[in-house]
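Notes follow the structure.
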Amino acid sequence: MLIDLTGKVAIVTGAGRGIGREIARRFAREGATVVALDIRKAWLEDIAAEWDRNGWPGQQHLCDVTERDMIETAVRTVDEQLGRIDILVNNAGIASGARVEDMDDAVWGMNLDINLSGVMRMCRAVIPVMKRQGAGRILNAASFAAIIPSIGGAAYSASKAGVESLTRVLAGELGPHNITVNAYAPGMIPTEMNHFAERPGPEQERLLDTLTLRRWGTPDDVASLLVFLASDFAGYITGTMVDVSGGKFATQMPWVAHRPPT
Ligand code: NAD
């Protein structure tokens with residue numbers, strides 16, 4: 001245990017797999033009671049089994065962040081049974097895309113509904129509990145795409161840029177209640193969402209060339225940042241977005257430094 005989250009109750013959306021699963025695991029290792037929300041029942045059952053094996057306290061709820069009723073039921077249950085919500089991680093997200101001239105309204109709408117409106121709905125439900133406590137931490141998954149978007153990524157990038165803006169508004173609204181709100185921007189973390197590390201070799205090389213540290217990120221890299229941001233050590237940080245991308249485009253041509261000297 002490096003940063004103690006003992007006694008804290010943390011809700012993690014989209015905790016079923018990928019980065020969210022690792023965030024949930026790291027929070028549990030730091031002593032938090034983790035409430036895992038996801039749309040996949042089988043993944044929630046898998047979490048329940050892992051938590052049981054490790055003796056970690058927690059709950060799992062089937063909850064789609066596009067459904068206000070499901071969110072409110074889950075949050076009410078947590079509040080009634082655990083009595084508090086200290087940390088909310090809005091991790092749930094999807095990434096689907098098309099160039100704007102070929103954009104399907106459903107694809108556009110789904111990215112906005114899950115990635116951006118889902119964050120707003122979760123916050124709306126949890127804020128009264130955090131206000132009552134006079135404390136709370138909200139952490140929102142943005143993306144490097146909120147900083148520099150990709151061709152064909154209009155729906156995803158717009159949703160994530162929206163998350164950054166929503167984060168600042170929330171930070172302002174909740175500052176008087178000692179609730180901090182921050183976003184984080186992962187770069188390229190190979191998961192089922194993107195399969196970065198399974199792409200053809202030359203394509204991987206081109207992508208890695210954009211990274212100052214020239215390696216893929218891991219869910220653990222993101223979870224390490226979140227454990228810190230959720231902790232008492234981060235009490236004076238709010239309204240910001242932290243880049244956790246291995247220095248993607250920190251310079252114009254990061255690959256130059258990785259080439260052998262000629
Ligand atoms: P993932 O696809 O592996 O996991 C996403 C999780 O969200 C899944 O468990 C899924 O079931 C859940 N989910 C999807 N729709 C949901 C809904 N409507 N309600 C509740 N849960 C839902 O993706 P990941 O790579 O782990 O990404 C996690 C977050 O990090 C996302 O918000 C993503 O945009 C962001 N992100 C990821 C990367 C990356 O490189 N992997 C980069 C930048 C940002």
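Each chain of the structure tokens is named A, B, ... in the order shown, its residues numbered from 1; ligands are numbered from 1 in display order.
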**Message:** Which residues are near ligand 1 - at most 8 Å, using only C-alpha atoms and all ligand atoms? Format: as a PyMOL selection string.
**Reply:** chain A and resi 13-21+37-40+43+63-67+90-95+114-115+118+141-145+156+160+185-194+196+217+219
**Expected answer as a ChimeraX atom specification: strand (DSSP E or B) residues in segment 25-237 of chain A** = /A:33-38,58-62,87-90,98,136-141,153,179-186,211
For the selection you just gave me, I'd like the residues written to a file as a short mmCIF file (atom, residue, chain, number, x, y, z; two decimals), in the first residue's frame, keeping C-alpha atoms.
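See part-v4.cif below for the written result:
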data_model
loop_
_atom_site.label_atom_id
_atom_site.label_comp_id
_atom_site.auth_asym_id
_atom_site.auth_seq_id
_atom_site.Cartn_x
_atom_site.Cartn_y
_atom_site.Cartn_z
CA THR A 33 -14.42 -0.13 -0.94
CA VAL A 34 -14.94 -0.22 -4.70
CA VAL A 35 -18.35 -0.10 -6.32
CA ALA A 36 -17.98 -1.40 -9.87
CA LEU A 37 -20.55 -0.34 -12.46
CA ASP A 38 -20.74 -1.82 -15.96
CA GLY A 58 -17.04 -3.91 -2.67
CA GLN A 59 -20.25 -4.01 -4.66
CA GLN A 60 -21.08 -4.56 -8.29
CA HIS A 61 -24.06 -3.04 -10.08
CA LEU A 62 -25.34 -3.44 -13.60
CA ILE A 87 -14.59 9.09 -5.04
CA LEU A 88 -16.34 8.93 -8.41
CA VAL A 89 -14.33 7.78 -11.43
CA ASN A 90 -16.18 8.38 -14.69
CA ALA A 98 -16.15 8.04 -39.13
CA GLY A 136 -15.41 14.40 -2.56
CA ARG A 137 -13.20 13.62 -5.53
CA ILE A 138 -14.52 13.35 -9.09
CA LEU A 139 -12.18 12.04 -11.80
CA ASN A 140 -13.28 12.11 -15.43
CA ALA A 141 -11.81 10.12 -18.33
CA GLY A 153 -12.36 10.84 -34.62
CA ILE A 179 -15.29 18.62 -3.88
CA THR A 180 -12.44 18.50 -6.39
CA VAL A 181 -13.05 17.64 -10.05
CA ASN A 182 -10.28 16.72 -12.45
CA ALA A 183 -9.98 15.06 -15.84
CA TYR A 184 -7.20 12.83 -17.11
CA ALA A 185 -6.04 12.30 -20.65
CA PRO A 186 -4.59 8.86 -21.44
CA LEU A 211 5.55 9.26 -27.82
#
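Restricting the calculation to only C-alpha atoms, the smallest distance between Thr251 of chain A and any of A:Ser117, A:Ala74, A:Ile148, A:Thr212 is found for A:Thr212.
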Residue set, segment 195-234 of chain A restricted to helix (DSSP H, G or I), as a PDB file with N, CA and C atoms, in the first residue's frame:
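Okay, states_33.pdb is ready:
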ATOM      1  N   PHE A 196      -4.138  -1.381 -30.067  1.00  0.00           N
ATOM      2  CA  PHE A 196      -2.935  -0.710 -30.588  1.00  0.00           C
ATOM      3  C   PHE A 196      -1.777  -1.684 -30.802  1.00  0.00           C
ATOM      4  N   ALA A 197      -1.569  -2.563 -29.803  1.00  0.00           N
ATOM      5  CA  ALA A 197      -0.370  -3.418 -29.835  1.00  0.00           C
ATOM      6  C   ALA A 197      -0.542  -4.627 -30.756  1.00  0.00           C
ATOM      7  N   GLU A 198      -1.693  -4.736 -31.426  1.00  0.00           N
ATOM      8  CA  GLU A 198      -1.889  -5.848 -32.373  1.00  0.00           C
ATOM      9  C   GLU A 198      -1.916  -5.349 -33.808  1.00  0.00           C
ATOM     10  N   GLY A 201       3.147  -4.123 -37.773  1.00  0.00           N
ATOM     11  CA  GLY A 201       4.384  -3.550 -37.226  1.00  0.00           C
ATOM     12  C   GLY A 201       4.662  -2.111 -37.629  1.00  0.00           C
ATOM     13  N   PRO A 202       4.652  -1.794 -38.931  1.00  0.00           N
ATOM     14  CA  PRO A 202       4.991  -0.413 -39.333  1.00  0.00           C
ATOM     15  C   PRO A 202       4.012   0.615 -38.761  1.00  0.00           C
ATOM     16  N   GLU A 203       2.743   0.229 -38.620  1.00  0.00           N
ATOM     17  CA  GLU A 203       1.764   1.168 -38.054  1.00  0.00           C
ATOM     18  C   GLU A 203       2.073   1.407 -36.572  1.00  0.00           C
ATOM     19  N   GLN A 204       2.428   0.315 -35.866  1.00  0.00           N
ATOM     20  CA  GLN A 204       2.806   0.470 -34.450  1.00  0.00           C
ATOM     21  C   GLN A 204       4.005   1.408 -34.324  1.00  0.00           C
ATOM     22  N   GLU A 205       4.988   1.219 -35.208  1.00  0.00           N
ATOM     23  CA  GLU A 205       6.191   2.062 -35.142  1.00  0.00           C
ATOM     24  C   GLU A 205       5.822   3.541 -35.314  1.00  0.00           C
ATOM     25  N   ARG A 206       4.929   3.804 -36.275  1.00  0.00           N
ATOM     26  CA  ARG A 206       4.515   5.200 -36.518  1.00  0.00           C
ATOM     27  C   ARG A 206       3.829   5.780 -35.284  1.00  0.00           C
ATOM     28  N   LEU A 207       2.999   4.975 -34.653  1.00  0.00           N
ATOM     29  CA  LEU A 207       2.299   5.472 -33.456  1.00  0.00           C
ATOM     30  C   LEU A 207       3.290   5.681 -32.307  1.00  0.00           C
ATOM     31  N   LEU A 208       4.174   4.715 -32.116  1.00  0.00           N
ATOM     32  CA  LEU A 208       5.151   4.834 -31.022  1.00  0.00           C
ATOM     33  C   LEU A 208       6.062   6.040 -31.231  1.00  0.00           C
ATOM     34  N   PRO A 219      -2.745   0.166 -18.392  1.00  0.00           N
ATOM     35  CA  PRO A 219      -3.818   0.576 -17.480  1.00  0.00           C
ATOM     36  C   PRO A 219      -3.267   0.973 -16.106  1.00  0.00           C
ATOM     37  N   ASP A 220      -2.181   0.316 -15.695  1.00  0.00           N
ATOM     38  CA  ASP A 220      -1.575   0.627 -14.400  1.00  0.00           C
ATOM     39  C   ASP A 220      -0.992   2.047 -14.370  1.00  0.00           C
ATOM     40  N   ASP A 221      -0.444   2.501 -15.512  1.00  0.00           N
ATOM     41  CA  ASP A 221       0.066   3.884 -15.574  1.00  0.00           C
ATOM     42  C   ASP A 221      -1.054   4.874 -15.271  1.00  0.00           C
ATOM     43  N   VAL A 222      -2.241   4.589 -15.810  1.00  0.00           N
ATOM     44  CA  VAL A 222      -3.378   5.485 -15.585  1.00  0.00           C
ATOM     45  C   VAL A 222      -3.865   5.344 -14.140  1.00  0.00           C
ATOM     46  N   ALA A 223      -3.940   4.098 -13.675  1.00  0.00           N
ATOM     47  CA  ALA A 223      -4.431   3.854 -12.309  1.00  0.00           C
ATOM     48  C   ALA A 223      -3.528   4.535 -11.275  1.00  0.00           C
ATOM     49  N   SER A 224      -2.220   4.569 -11.535  1.00  0.00           N
ATOM     50  CA  SER A 224      -1.298   5.222 -10.583  1.00  0.00           C
ATOM     51  C   SER A 224      -1.642   6.699 -10.427  1.00  0.00           C
ATOM     52  N   LEU A 225      -1.936   7.350 -11.544  1.00  0.00           N
ATOM     53  CA  LEU A 225      -2.323   8.763 -11.493  1.00  0.00           C
ATOM     54  C   LEU A 225      -3.629   8.923 -10.698  1.00  0.00           C
ATOM     55  N   LEU A 226      -4.561   8.014 -10.946  1.00  0.00           N
ATOM     56  CA  LEU A 226      -5.873   8.160 -10.305  1.00  0.00           C
ATOM     57  C   LEU A 226      -5.823   7.900  -8.805  1.00  0.00           C
ATOM     58  N   VAL A 227      -4.994   6.960  -8.400  1.00  0.00           N
ATOM     59  CA  VAL A 227      -4.838   6.707  -6.962  1.00  0.00           C
ATOM     60  C   VAL A 227      -4.342   7.994  -6.291  1.00  0.00           C
ATOM     61  N   PHE A 228      -3.400   8.665  -6.937  1.00  0.00           N
ATOM     62  CA  PHE A 228      -2.888   9.933  -6.392  1.00  0.00           C
ATOM     63  C   PHE A 228      -3.982  11.009  -6.372  1.00  0.00           C
ATOM     64  N   LEU A 229      -4.659  11.180  -7.530  1.00  0.00           N
ATOM     65  CA  LEU A 229      -5.670  12.246  -7.610  1.00  0.00           C
ATOM     66  C   LEU A 229      -6.834  12.014  -6.644  1.00  0.00           C
ATOM     67  N   ALA A 230      -7.087  10.737  -6.327  1.00  0.00           N
ATOM     68  CA  ALA A 230      -8.188  10.410  -5.405  1.00  0.00           C
ATOM     69  C   ALA A 230      -7.775  10.572  -3.949  1.00  0.00           C
ATOM     70  N   ASP A 232      -5.648  12.063  -0.380  1.00  0.00           N
ATOM     71  CA  ASP A 232      -5.535  13.324   0.353  1.00  0.00           C
ATOM     72  C   ASP A 232      -4.365  14.170  -0.161  1.00  0.00           C
ATOM     73  N   PHE A 233      -3.399  13.537  -0.825  1.00  0.00           N
ATOM     74  CA  PHE A 233      -2.242  14.288  -1.340  1.00  0.00           C
ATOM     75  C   PHE A 233      -2.637  15.270  -2.444  1.00  0.00           C
ATOM     76  N   ALA A 234      -3.795  15.037  -3.073  1.00  0.00           N
ATOM     77  CA  ALA A 234      -4.186  15.863  -4.228  1.00  0.00           C
ATOM     78  C   ALA A 234      -5.272  16.879  -3.877  1.00  0.00           C
TER      79      ALA A 234
END
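Closest to Pro57 of chain A among A:Thr6, A:Thr77, A:Ser165, A:Thr210 is A:Thr6, based on only C-alpha atoms.
Note that the spacing between atom CA of Asp102 of chain A and atom CA of Ile151 of chain A amounts to 12.5 Å.
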**Asked** So which one's closest to Val12 of chain A, A:Ile147, A:His258, A:Arg99, A:Met122? Using only C-alpha atoms, please.
**Response**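 The answer is A:Met122, which sits nearest to Val12 of chain A.
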Residues near Val107 of chain A, cut-off 9 Å, only C-alpha atoms, skip fewer than 5 positions along chain, as a compact mmCIF listing (two decimals) with C-alpha atoms, in the first residue's frame:
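Saved result, part-v4.txt, follows:
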# COMPACT_ATOMS: atom_id res chain seq x y z
CA SER A 96 -16.28 4.76 -32.65
CA GLY A 97 -15.71 6.98 -35.58
CA ALA A 98 -16.15 8.04 -39.13
CA LEU A 112 -21.72 11.95 -26.90
CA ALA A 155 -17.44 12.15 -32.40
**Item:** Among listed residues A:Asp105, A:Ala10, A:Ile237, A:Asp113, nearest Val78 of chain A (using only C-alpha atoms)
**Value:**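 Of all the options, A:Ala10 lies closest to Val78 of chain A.
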**Proximity to Ile127 of chain A - best of A:Asp46, A:Glu101, A:Glu72, A:Glu164, only C-alpha atoms** =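 Of A:Asp46, A:Glu101, A:Glu72, A:Glu164, the one nearest Ile127 of chain A is A:Glu72, counting only C-alpha atoms.
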